[in-house]
Amino acid sequence: MANQKTEEYPVIWLQGATCTGCSVSVLNSVSPTVKNVLVDEVIPGRHVNLRFQATVMAGAGELVIKALEDTWKAKKGGYILVMEGAIPTKGDGAYGSLGEDEEGKPVSIASRVEMLGRDALAVIALGTCASWGGIPAAKPNPSACVSVSQLFRAKSIATPLINIPGCPPHPDWFVGTVASVLLQGLPKDGELDELNRPKAFYGQLIHENCPRRAYYDEQKFAKKLSDPGCLYELGCKGPVTHADCAVRMWNNGVNWCVACGGLCIGCAAPGFPDLVSPIYEKTPDVILPNIGQRVVQ
Amino acid sequence: MGKIIIDPLTRIEGHLKVEATVENGKVKEARSSGTLFRGFEIILKDRDPRDANRITQRICGVCPTSHSTASALCLDSAFGLGASIPDNGRLIRNLILGAAHIADHILHFYHLTALDYVDVTKVAKYEGNNAELNSVKDFIQRGELGPFVPRYEGDYRFPAEVDQELVGHYIEALRMRRKAQEMCAIFGGKMPHNMSIVPGGVTEVPTIDKIASFLWRLNEIKTFIDQVYLPDVLAAAGVYSDYFEIGAGCRNLLSYGGYELDGKDPDLTKRKRLFKQGTVSADLKLGALDISAITEDVKHSWYDDSTSGLKPTQGETIPKEGKNGAYSWIKSPRYNGDVYEVGPLARIMATYLAGDEKVKAMVDPALAKFKASPDVMFSVLGRHLARAVSCKVVADTMPNWLLELKPGEPVYQEYDIPEESTGVGLVDAARGALAHFIEIKDKRIANYQCVVPSTWNMSPRDDKGQPGPLEQALTGTTIKDEENPFEIVRIVRSFDPCLACAVHLITPKGRTLGEYRVA
């Protein structure tokens, strides 16, 4: 029997300047599975009611634009907006539009995010593009892409914003954040860092928990890709990237970037890719708090 | 005369708008428009060439592995590594790419396509003991049916018990595609966006535990492909058999092939590959591939007209949003000036016509079942069938590659970045022919370009006015119910469009494509 008391949490998931990798990553969630998230009560008595998500939704065209607009009208202050991708601002929608208005004019993604963002209960900026701008906003930023927080600042929107960076973000970071909102409401003081990231997932640097850290401390550096050893001199950005990949691992825990010898490219870091490029060159020496301070006997 | 506008066209990758003008119940004219522009090739300019291998993956999170493969082949050739990738590196690249293709094909059939044919709401009447289906029944009874409703209503033809079974397969397929992505990560580090495929080979080394972990996921998926995916495609073909007659399109196919079976020829067009390259004509003749025959028109795309008709690496292209007569960010690639479709249909037909026994042994009985000739493969169902066959061929071949791996042997070849060089990488992505081109100057990227599958398939009209493959596939189609134009979305989705890939910008001043070393 269906539970009559199920509380529904409407979710609108918009995609801007994205590669859809964030969506694909969330499909890779293991426990709960994405089916659990969409169909089941992901928290007992609470159900994620995905009203709009262009990659999976059955409908298309006007039907789904109406579903989106109806949710906005009926659930003001009560829906969660998930924004995947950066927001192109050049040319008033010419570089990114979604659906049409009543006069048949394309509606810019930026105006959709503005309208839906203003009236949402909370906004989750999913992935590096939505959180920081990411690759679409990399030099020379041909479509004038901005992050959600940049758009909100420009439009004086004060809706609570949670950034879940990563290219892509780990499914646990997203599902965990959603579950947290369902369980206990908006993040409490101290749960997010100064860049609106949940500390639970982004509280430490990759480097702090890296399984190759012992090599770093011993100054044993890999000389070429595929070698054992610390990958710092080949360009690893673990010392400047906040995320828990090293302990969480990826894709059901089978591997992750540094473990496969591929180094951390700083995909979750603000300023990715420009500030962490060239990828395969050593990061310029920076002061790394509590990192690399070998104990001198 | 009515106009059907579908924006957004969902359950694809990216931002696509389709317009169909309907006259006397038939599509008279169709337009395919990409509605998002990012400009990857502008962003790549002046960067370290190696970074292209990571950045181009982010063109598309659905098919990043194909981009990393094309990019690695492109950089291999630019760095002079074409003949020196260690066998382990070549095999692991094949395994990562193969796992990604399997994940993609399963995702496409069940999660991007099936809801056009399968009525989820029929699970409301499910009476059995399957826990998954009962949870869907509970979900339906709660009454909030997003994301499965709203949808087009009407033409769902399966009996309830088949719909119910297929919804079960939809859920099982979520698990299968996830496991296939785990296979990618075993050798690729993570998915989407692997870290392991690099110029020179791969970074991950083969070990016995990884091989076993990969193999047993693969075995489970192979069983799924044989016992669920292929039978479901055939079941759909039985009930929706009119779709062998719908959506034929341009009837010219182009394949780059893929999966290197030996890596010792510096010219990648001469290497032995699992899937064959070439062109396939309407009368099913296989032609040799000549990449210098590719040009790109922009008369109907939002780019400056002065750049139209050039080979991808020539000239300069300038975005011109709002240009008169233009309606898409997608360009119009053409082969010898003609319209060509790319995708699993192209690679399977090219491989079939090259006489590959294994592919023939799969395609022929399926067609015999429907008393059909290979010609019906130019259709909505032909594309789905070819995709399933492509998935099975790769899955069945992968155990061989796993067993060829030699733990302890190298996976990677070192190199120096040349001051100046050019390179090209060609591979069939899950959704079709993908080409990357690079020009290096002063050890930096002077020019990087991608000609990707959906640029071909979703292209707008060219300078001669010839509609693109999707536009041609839609034209002439009878629309039974203009409020619920199933025919349109079924045709569009049979191409497995990927718009993030399709919309890109060709940037300044390269050499002619013919001058690129295919190595």
# chains A, B, ... in the order shown; residues from 1 in each chain; ligands from 1

$ residues_around --residues "Pro374 of chain B" --least-positions-apart "4" --cutoff "9 Å" --atoms "only C-alpha atoms" --output "PyMOL selection string"
chain B and resi 284+349+363-364+367+378+382

$ residues_around --residues "Lys26 of chain B" --least-positions-apart "6" --cutoff "7 Å" --atoms "only C-alpha atoms" --output "PyMOL selection string"
chain B and resi 476-479

$ residues_around --residues "Ser421 of chain B" --least-positions-apart "5" --cutoff "7 Å" --atoms "only C-alpha atoms" --output "NGL selection string"
:B and (78 or 439-441)

$ residues_around --residues "Lys5 of chain A" --least-positions-apart "4" --cutoff "10 Å" --atoms "only C-alpha atoms" --output "PyMOL selection string"
(chain A and resi 45-46) or (chain B and resi 142)

$ select_by_dssp --residues "segment 73-281 of chain A" --states "alpha helix (DSSP H)" --output "compact mmCIF listing (two decimals) with N, CA and C atoms, in the first residue's frame"
# COMPACT_ATOMS: atom_id res chain seq x y z
N LYS A 73 4.74 28.27 -10.53
CA LYS A 73 3.58 29.04 -10.07
C LYS A 73 2.97 28.44 -8.79
N ALA A 74 2.87 27.11 -8.78
CA ALA A 74 2.11 26.46 -7.70
C ALA A 74 2.95 26.24 -6.45
N ILE A 109 18.27 30.80 -21.11
CA ILE A 109 18.50 29.98 -19.92
C ILE A 109 18.72 30.89 -18.71
N ALA A 110 19.41 32.01 -18.94
CA ALA A 110 19.68 32.94 -17.83
C ALA A 110 18.37 33.44 -17.21
N SER A 111 17.39 33.76 -18.04
CA SER A 111 16.15 34.27 -17.46
C SER A 111 15.37 33.16 -16.76
N ARG A 112 15.49 31.94 -17.27
CA ARG A 112 14.87 30.80 -16.56
C ARG A 112 15.49 30.62 -15.17
N VAL A 113 16.81 30.66 -15.10
CA VAL A 113 17.48 30.46 -13.81
C VAL A 113 17.11 31.61 -12.86
N GLU A 114 17.05 32.80 -13.42
CA GLU A 114 16.71 33.95 -12.58
C GLU A 114 15.31 33.79 -11.99
N MET A 115 14.35 33.45 -12.85
CA MET A 115 12.97 33.34 -12.41
C MET A 115 12.80 32.18 -11.41
N LEU A 116 13.35 31.03 -11.80
CA LEU A 116 13.17 29.85 -10.94
C LEU A 116 14.01 29.95 -9.68
N GLY A 117 15.18 30.57 -9.80
CA GLY A 117 16.08 30.69 -8.65
C GLY A 117 15.50 31.61 -7.59
N ARG A 118 14.88 32.68 -8.02
CA ARG A 118 14.35 33.66 -7.08
C ARG A 118 13.29 33.05 -6.16
N THR A 128 30.97 21.75 -11.46
CA THR A 128 31.90 22.87 -11.48
C THR A 128 31.38 24.02 -12.34
N CYS A 129 30.69 23.72 -13.45
CA CYS A 129 30.21 24.80 -14.31
C CYS A 129 29.18 25.66 -13.60
N ALA A 130 28.23 25.02 -12.91
CA ALA A 130 27.22 25.78 -12.18
C ALA A 130 27.81 26.46 -10.96
N SER A 131 28.80 25.81 -10.32
CA SER A 131 29.38 26.35 -9.09
C SER A 131 30.34 27.50 -9.36
N TRP A 132 31.21 27.30 -10.37
CA TRP A 132 32.26 28.31 -10.60
C TRP A 132 32.28 28.87 -12.03
N VAL A 148 26.08 30.11 -11.00
CA VAL A 148 24.83 30.49 -10.35
C VAL A 148 25.07 31.63 -9.37
N SER A 149 26.14 31.53 -8.56
CA SER A 149 26.36 32.58 -7.55
C SER A 149 26.63 33.92 -8.22
N GLN A 150 27.34 33.91 -9.35
CA GLN A 150 27.57 35.18 -10.07
C GLN A 150 26.25 35.78 -10.56
N LEU A 151 25.41 34.91 -11.12
CA LEU A 151 24.11 35.41 -11.61
C LEU A 151 23.28 35.95 -10.45
N PHE A 152 23.28 35.21 -9.34
CA PHE A 152 22.48 35.62 -8.19
C PHE A 152 22.97 36.96 -7.64
N ARG A 153 24.29 37.14 -7.60
CA ARG A 153 24.82 38.42 -7.12
C ARG A 153 24.37 39.56 -8.04
N ALA A 154 24.47 39.30 -9.36
CA ALA A 154 24.12 40.34 -10.32
C ALA A 154 22.63 40.69 -10.24
N PRO A 171 28.38 11.28 -7.26
CA PRO A 171 26.94 11.15 -6.98
C PRO A 171 26.61 11.25 -5.49
N ASP A 172 27.51 10.76 -4.64
CA ASP A 172 27.25 10.83 -3.19
C ASP A 172 27.14 12.28 -2.71
N TRP A 173 27.93 13.16 -3.32
CA TRP A 173 27.90 14.56 -2.88
C TRP A 173 26.53 15.16 -3.15
N PHE A 174 25.97 14.81 -4.30
CA PHE A 174 24.66 15.34 -4.65
C PHE A 174 23.56 14.66 -3.85
N VAL A 175 23.54 13.34 -3.89
CA VAL A 175 22.46 12.62 -3.21
C VAL A 175 22.51 12.89 -1.71
N GLY A 176 23.72 12.94 -1.16
CA GLY A 176 23.87 13.25 0.27
C GLY A 176 23.33 14.62 0.61
N THR A 177 23.58 15.59 -0.26
CA THR A 177 23.09 16.95 -0.02
C THR A 177 21.57 17.00 -0.10
N VAL A 178 21.01 16.34 -1.10
CA VAL A 178 19.55 16.30 -1.23
C VAL A 178 18.92 15.62 -0.02
N ALA A 179 19.50 14.49 0.37
CA ALA A 179 18.97 13.75 1.53
C ALA A 179 19.02 14.63 2.77
N SER A 180 20.09 15.40 2.89
CA SER A 180 20.22 16.27 4.05
C SER A 180 19.12 17.33 4.07
N VAL A 181 18.82 17.91 2.90
CA VAL A 181 17.74 18.92 2.85
C VAL A 181 16.40 18.27 3.19
N LEU A 182 16.16 17.06 2.70
CA LEU A 182 14.91 16.37 3.00
C LEU A 182 14.79 16.04 4.48
N LEU A 183 15.92 15.66 5.07
CA LEU A 183 15.91 15.24 6.48
C LEU A 183 15.79 16.40 7.44
N GLN A 184 16.60 17.43 7.19
CA GLN A 184 16.71 18.48 8.22
C GLN A 184 16.57 19.89 7.66
N LYS A 199 30.77 21.09 3.97
CA LYS A 199 32.07 20.70 4.53
C LYS A 199 32.20 19.18 4.62
N ALA A 200 31.05 18.51 4.72
CA ALA A 200 31.08 17.05 4.84
C ALA A 200 31.81 16.42 3.67
N PHE A 201 31.74 17.05 2.51
CA PHE A 201 32.36 16.46 1.33
C PHE A 201 33.61 17.22 0.87
N TYR A 202 33.66 18.50 1.18
CA TYR A 202 34.74 19.34 0.65
C TYR A 202 35.61 19.93 1.76
N ARG A 213 50.26 9.84 -0.44
CA ARG A 213 50.83 10.89 0.39
C ARG A 213 52.17 10.49 1.01
N ALA A 214 52.28 9.22 1.36
CA ALA A 214 53.54 8.78 1.96
C ALA A 214 54.69 9.02 1.00
N TYR A 215 54.45 8.81 -0.30
CA TYR A 215 55.49 9.08 -1.29
C TYR A 215 55.89 10.56 -1.27
N TYR A 216 54.88 11.43 -1.12
CA TYR A 216 55.16 12.87 -1.08
C TYR A 216 56.05 13.19 0.11
N ASP A 217 55.65 12.66 1.25
CA ASP A 217 56.41 12.95 2.46
C ASP A 217 57.83 12.41 2.37
N CYS A 245 37.54 12.65 -2.70
CA CYS A 245 37.71 11.53 -3.64
C CYS A 245 38.64 10.44 -3.10
N ALA A 246 39.69 10.86 -2.39
CA ALA A 246 40.70 9.90 -1.97
C ALA A 246 40.14 8.88 -0.99
N VAL A 247 39.20 9.29 -0.17
CA VAL A 247 38.62 8.33 0.77
C VAL A 247 37.30 7.74 0.24
N ARG A 248 36.57 8.51 -0.56
CA ARG A 248 35.28 8.03 -1.05
C ARG A 248 35.45 7.11 -2.26

$ interface_residues --of "chain B" --to "chain A" --cutoff "7 Å" --atoms "only C-alpha atoms" --output "count of residues only"
57

$ closest_residue --among "A:Ala268, A:Ala243, A:Ala120, A:Leu231" --to "Gln219 of chain A" --atoms "only C-alpha atoms"
A:Leu231

$ residues_around --residues "His101 of chain B" --least-positions-apart "4" --cutoff "7 Å" --atoms "only C-alpha atoms" --output "VMD selection string"
chain B and resid 97 105 391 430

$ write_last_selection --atoms "N, CA and C atoms" --output "compact mmCIF listing (two decimals), in the first residue's frame"
# COMPACT_ATOMS: atom_id res chain seq x y z
N LEU B 97 36.98 2.28 -23.73
CA LEU B 97 36.05 2.77 -24.75
C LEU B 97 34.88 1.80 -24.92
N HIS B 105 24.92 2.57 -25.06
CA HIS B 105 23.89 1.91 -25.86
C HIS B 105 22.73 1.45 -24.98
N CYS B 391 26.63 -3.06 -29.74
CA CYS B 391 26.85 -3.29 -28.31
C CYS B 391 27.31 -4.73 -28.08
N ALA B 430 30.08 6.28 -29.67
CA ALA B 430 28.86 5.47 -29.61
C ALA B 430 27.87 5.95 -30.67

$ residues_around --residues "segment 338-348 of chain B" --least-positions-apart "5" --cutoff "6 Å" --atoms "only C-alpha atoms" --output "list in words"
Asn252, Leu253, Leu254, Ser255, Gly257, Arg383, Ala386, Arg387, Arg431, Gly432, Ala433, Asn457 and Pro469 of chain B

$ write_last_selection --atoms "N, CA and C atoms" --output "PDB file, in the first residue's frame"
ATOM      1  N   ASN B 252      22.973   7.652 -47.003  1.00  0.00           N
ATOM      2  CA  ASN B 252      24.433   7.604 -47.155  1.00  0.00           C
ATOM      3  C   ASN B 252      25.011   7.473 -45.762  1.00  0.00           C
ATOM      4  N   LEU B 253      25.922   6.559 -45.582  1.00  0.00           N
ATOM      5  CA  LEU B 253      26.475   6.333 -44.248  1.00  0.00           C
ATOM      6  C   LEU B 253      27.988   6.522 -44.267  1.00  0.00           C
ATOM      7  N   LEU B 254      28.512   6.989 -43.128  1.00  0.00           N
ATOM      8  CA  LEU B 254      29.956   7.219 -42.991  1.00  0.00           C
ATOM      9  C   LEU B 254      30.423   6.653 -41.651  1.00  0.00           C
ATOM     10  N   SER B 255      31.453   5.809 -41.698  1.00  0.00           N
ATOM     11  CA  SER B 255      31.992   5.198 -40.476  1.00  0.00           C
ATOM     12  C   SER B 255      33.502   5.387 -40.427  1.00  0.00           C
ATOM     13  N   GLY B 257      34.977   3.555 -38.055  1.00  0.00           N
ATOM     14  CA  GLY B 257      35.348   2.294 -37.414  1.00  0.00           C
ATOM     15  C   GLY B 257      35.902   2.546 -36.026  1.00  0.00           C
ATOM     16  N   ARG B 383      18.203   1.559 -36.971  1.00  0.00           N
ATOM     17  CA  ARG B 383      19.202   2.205 -36.107  1.00  0.00           C
ATOM     18  C   ARG B 383      19.263   1.537 -34.740  1.00  0.00           C
ATOM     19  N   ALA B 386      20.928  -1.911 -35.170  1.00  0.00           N
ATOM     20  CA  ALA B 386      22.373  -1.773 -35.383  1.00  0.00           C
ATOM     21  C   ALA B 386      23.080  -1.407 -34.083  1.00  0.00           C
ATOM     22  N   ARG B 387      22.435  -0.559 -33.277  1.00  0.00           N
ATOM     23  CA  ARG B 387      23.048  -0.155 -32.006  1.00  0.00           C
ATOM     24  C   ARG B 387      23.185  -1.360 -31.082  1.00  0.00           C
ATOM     25  N   ARG B 431      27.768   7.272 -30.836  1.00  0.00           N
ATOM     26  CA  ARG B 431      26.776   7.819 -31.769  1.00  0.00           C
ATOM     27  C   ARG B 431      27.337   8.127 -33.148  1.00  0.00           C
ATOM     28  N   GLY B 432      28.585   7.726 -33.416  1.00  0.00           N
ATOM     29  CA  GLY B 432      29.075   7.822 -34.780  1.00  0.00           C
ATOM     30  C   GLY B 432      30.442   8.460 -34.933  1.00  0.00           C
ATOM     31  N   ALA B 433      30.763   8.779 -36.188  1.00  0.00           N
ATOM     32  CA  ALA B 433      32.110   9.176 -36.587  1.00  0.00           C
ATOM     33  C   ALA B 433      32.558  10.466 -35.896  1.00  0.00           C
ATOM     34  N   ASN B 457      24.634  14.366 -38.068  1.00  0.00           N
ATOM     35  CA  ASN B 457      23.244  13.877 -38.076  1.00  0.00           C
ATOM     36  C   ASN B 457      22.216  14.978 -37.857  1.00  0.00           C
ATOM     37  N   PRO B 469      20.668  14.975 -42.267  1.00  0.00           N
ATOM     38  CA  PRO B 469      20.125  13.610 -42.151  1.00  0.00           C
ATOM     39  C   PRO B 469      18.842  13.526 -41.327  1.00  0.00           C
TER      40      PRO B 469
END

$ atom_distance --atom1 "atom CA of Gly423 of chain B" --atom2 "atom CA of Leu75 of chain B"
6.2 Å

$ closest_residue --among "B:Tyr240, B:Gln164, B:Pro418, B:Ser66" --to "Asp116 of chain B" --atoms "only C-alpha atoms"
B:Tyr240

$ residues_around --residues "Gly287 of chain B" --least-positions-apart "5" --cutoff "7 Å" --atoms "only C-alpha atoms" --output "number ranges by chain"
B: 278-280

$ closest_residue --among "A:Cys210, A:Leu234, A:Ala125, A:Lys76" --to "Pro165 of chain A" --atoms "only C-alpha atoms"
A:Ala125

$ atom_distance --atom1 "atom CA of Leu470 of chain B" --atom2 "atom CA of Tyr256 of chain B"
19.8 Å

$ atom_distance --atom1 "atom CA of Tyr259 of chain B" --atom2 "atom CA of Trp216 of chain B"
21.1 Å

$ closest_residue --among "B:Ala124, B:Leu289, B:Met377, B:Leu73" --to "Ala160 of chain B" --atoms "only C-alpha atoms"
B:Ala124

$ select_by_dssp --residues "segment 57-292 of chain A" --states "strand (DSSP E)" --output "list in words"
Ile80, Leu81, Val82, Met83, Glu84, Ile87, Pro88, Ser97, Leu98, Gly99, Glu100, Pro106, Val107, Ser108, Ala122, Val123, Ile124, Ala125, Leu126, Cys145, Val146, Leu161, Ile162, Asn163 and Ile164 of chain A

$ write_last_selection --atoms "N, CA and C atoms" --output "CSV table (one decimal), in the first residue's frame"
chain,number,residue,atom,x,y,z
A,80,ILE,N,12.9,22.7,-5.0
A,80,ILE,CA,14.4,22.8,-5.1
A,80,ILE,C,14.8,22.9,-6.5
A,81,LEU,N,15.6,23.9,-6.8
A,81,LEU,CA,16.1,24.1,-8.2
A,81,LEU,C,17.5,23.5,-8.2
A,82,VAL,N,17.7,22.5,-9.1
A,82,VAL,CA,19.1,22.0,-9.4
A,82,VAL,C,19.6,22.6,-10.7
A,83,MET,N,20.7,23.3,-10.6
A,83,MET,CA,21.2,23.9,-11.8
A,83,MET,C,22.5,23.1,-12.2
A,84,GLU,N,22.4,22.6,-13.4
A,84,GLU,CA,23.6,21.8,-14.0
A,84,GLU,C,24.1,22.7,-15.2
A,87,ILE,N,25.8,29.4,-17.0
A,87,ILE,CA,24.7,30.1,-17.6
A,87,ILE,C,25.3,31.1,-18.6
A,88,PRO,N,25.0,30.9,-19.9
A,88,PRO,CA,25.4,31.8,-20.9
A,88,PRO,C,24.6,33.1,-20.8
A,97,SER,N,19.2,28.9,-25.0
A,97,SER,CA,17.8,29.1,-24.7
A,97,SER,C,17.1,27.8,-24.4
A,98,LEU,N,16.0,27.9,-23.8
A,98,LEU,CA,15.2,26.7,-23.4
A,98,LEU,C,13.7,27.0,-23.6
A,99,GLY,N,13.1,26.4,-24.6
A,99,GLY,CA,11.7,26.6,-24.8
A,99,GLY,C,11.4,28.0,-25.4
A,100,GLU,N,10.2,28.3,-25.6
A,100,GLU,CA,9.8,29.6,-26.1
A,100,GLU,C,8.7,30.2,-25.2
A,106,PRO,N,12.4,32.5,-28.3
A,106,PRO,CA,13.2,31.7,-27.4
A,106,PRO,C,13.5,32.3,-26.0
A,107,VAL,N,13.3,31.6,-24.9
A,107,VAL,CA,13.6,32.1,-23.6
A,107,VAL,C,15.0,31.7,-23.2
A,108,SER,N,15.7,32.7,-22.7
A,108,SER,CA,17.1,32.5,-22.4
A,108,SER,C,17.2,31.6,-21.2
A,122,ALA,N,15.5,26.3,-2.2
A,122,ALA,CA,17.0,26.3,-2.2
A,122,ALA,C,17.4,26.0,-3.6
A,123,VAL,N,18.7,26.4,-3.9
A,123,VAL,CA,19.2,26.1,-5.2
A,123,VAL,C,20.5,25.3,-5.0
A,124,ILE,N,20.6,24.2,-5.7
A,124,ILE,CA,21.8,23.4,-5.7
A,124,ILE,C,22.5,23.6,-7.1
A,125,ALA,N,23.7,24.2,-7.0
A,125,ALA,CA,24.5,24.4,-8.2
A,125,ALA,C,25.3,23.1,-8.3
A,126,LEU,N,24.9,22.3,-9.3
A,126,LEU,CA,25.5,20.9,-9.4
A,126,LEU,C,26.7,21.0,-10.4
A,145,CYS,N,29.7,33.0,-20.0
A,145,CYS,CA,29.1,32.1,-19.0
A,145,CYS,C,29.4,32.6,-17.6
A,146,VAL,N,28.4,32.5,-16.8
A,146,VAL,CA,28.6,32.8,-15.3
A,146,VAL,C,28.1,31.6,-14.5
A,161,LEU,N,21.9,28.9,-1.4
A,161,LEU,CA,22.6,28.3,-2.5
A,161,LEU,C,23.6,27.3,-2.0
A,162,ILE,N,23.6,26.1,-2.5
A,162,ILE,CA,24.6,25.1,-2.1
A,162,ILE,C,25.4,24.7,-3.4
A,163,ASN,N,26.7,24.9,-3.3
A,163,ASN,CA,27.6,24.5,-4.4
A,163,ASN,C,28.1,23.1,-4.3
A,164,ILE,N,27.9,22.3,-5.3
A,164,ILE,CA,28.4,20.9,-5.3
A,164,ILE,C,29.4,20.8,-6.5
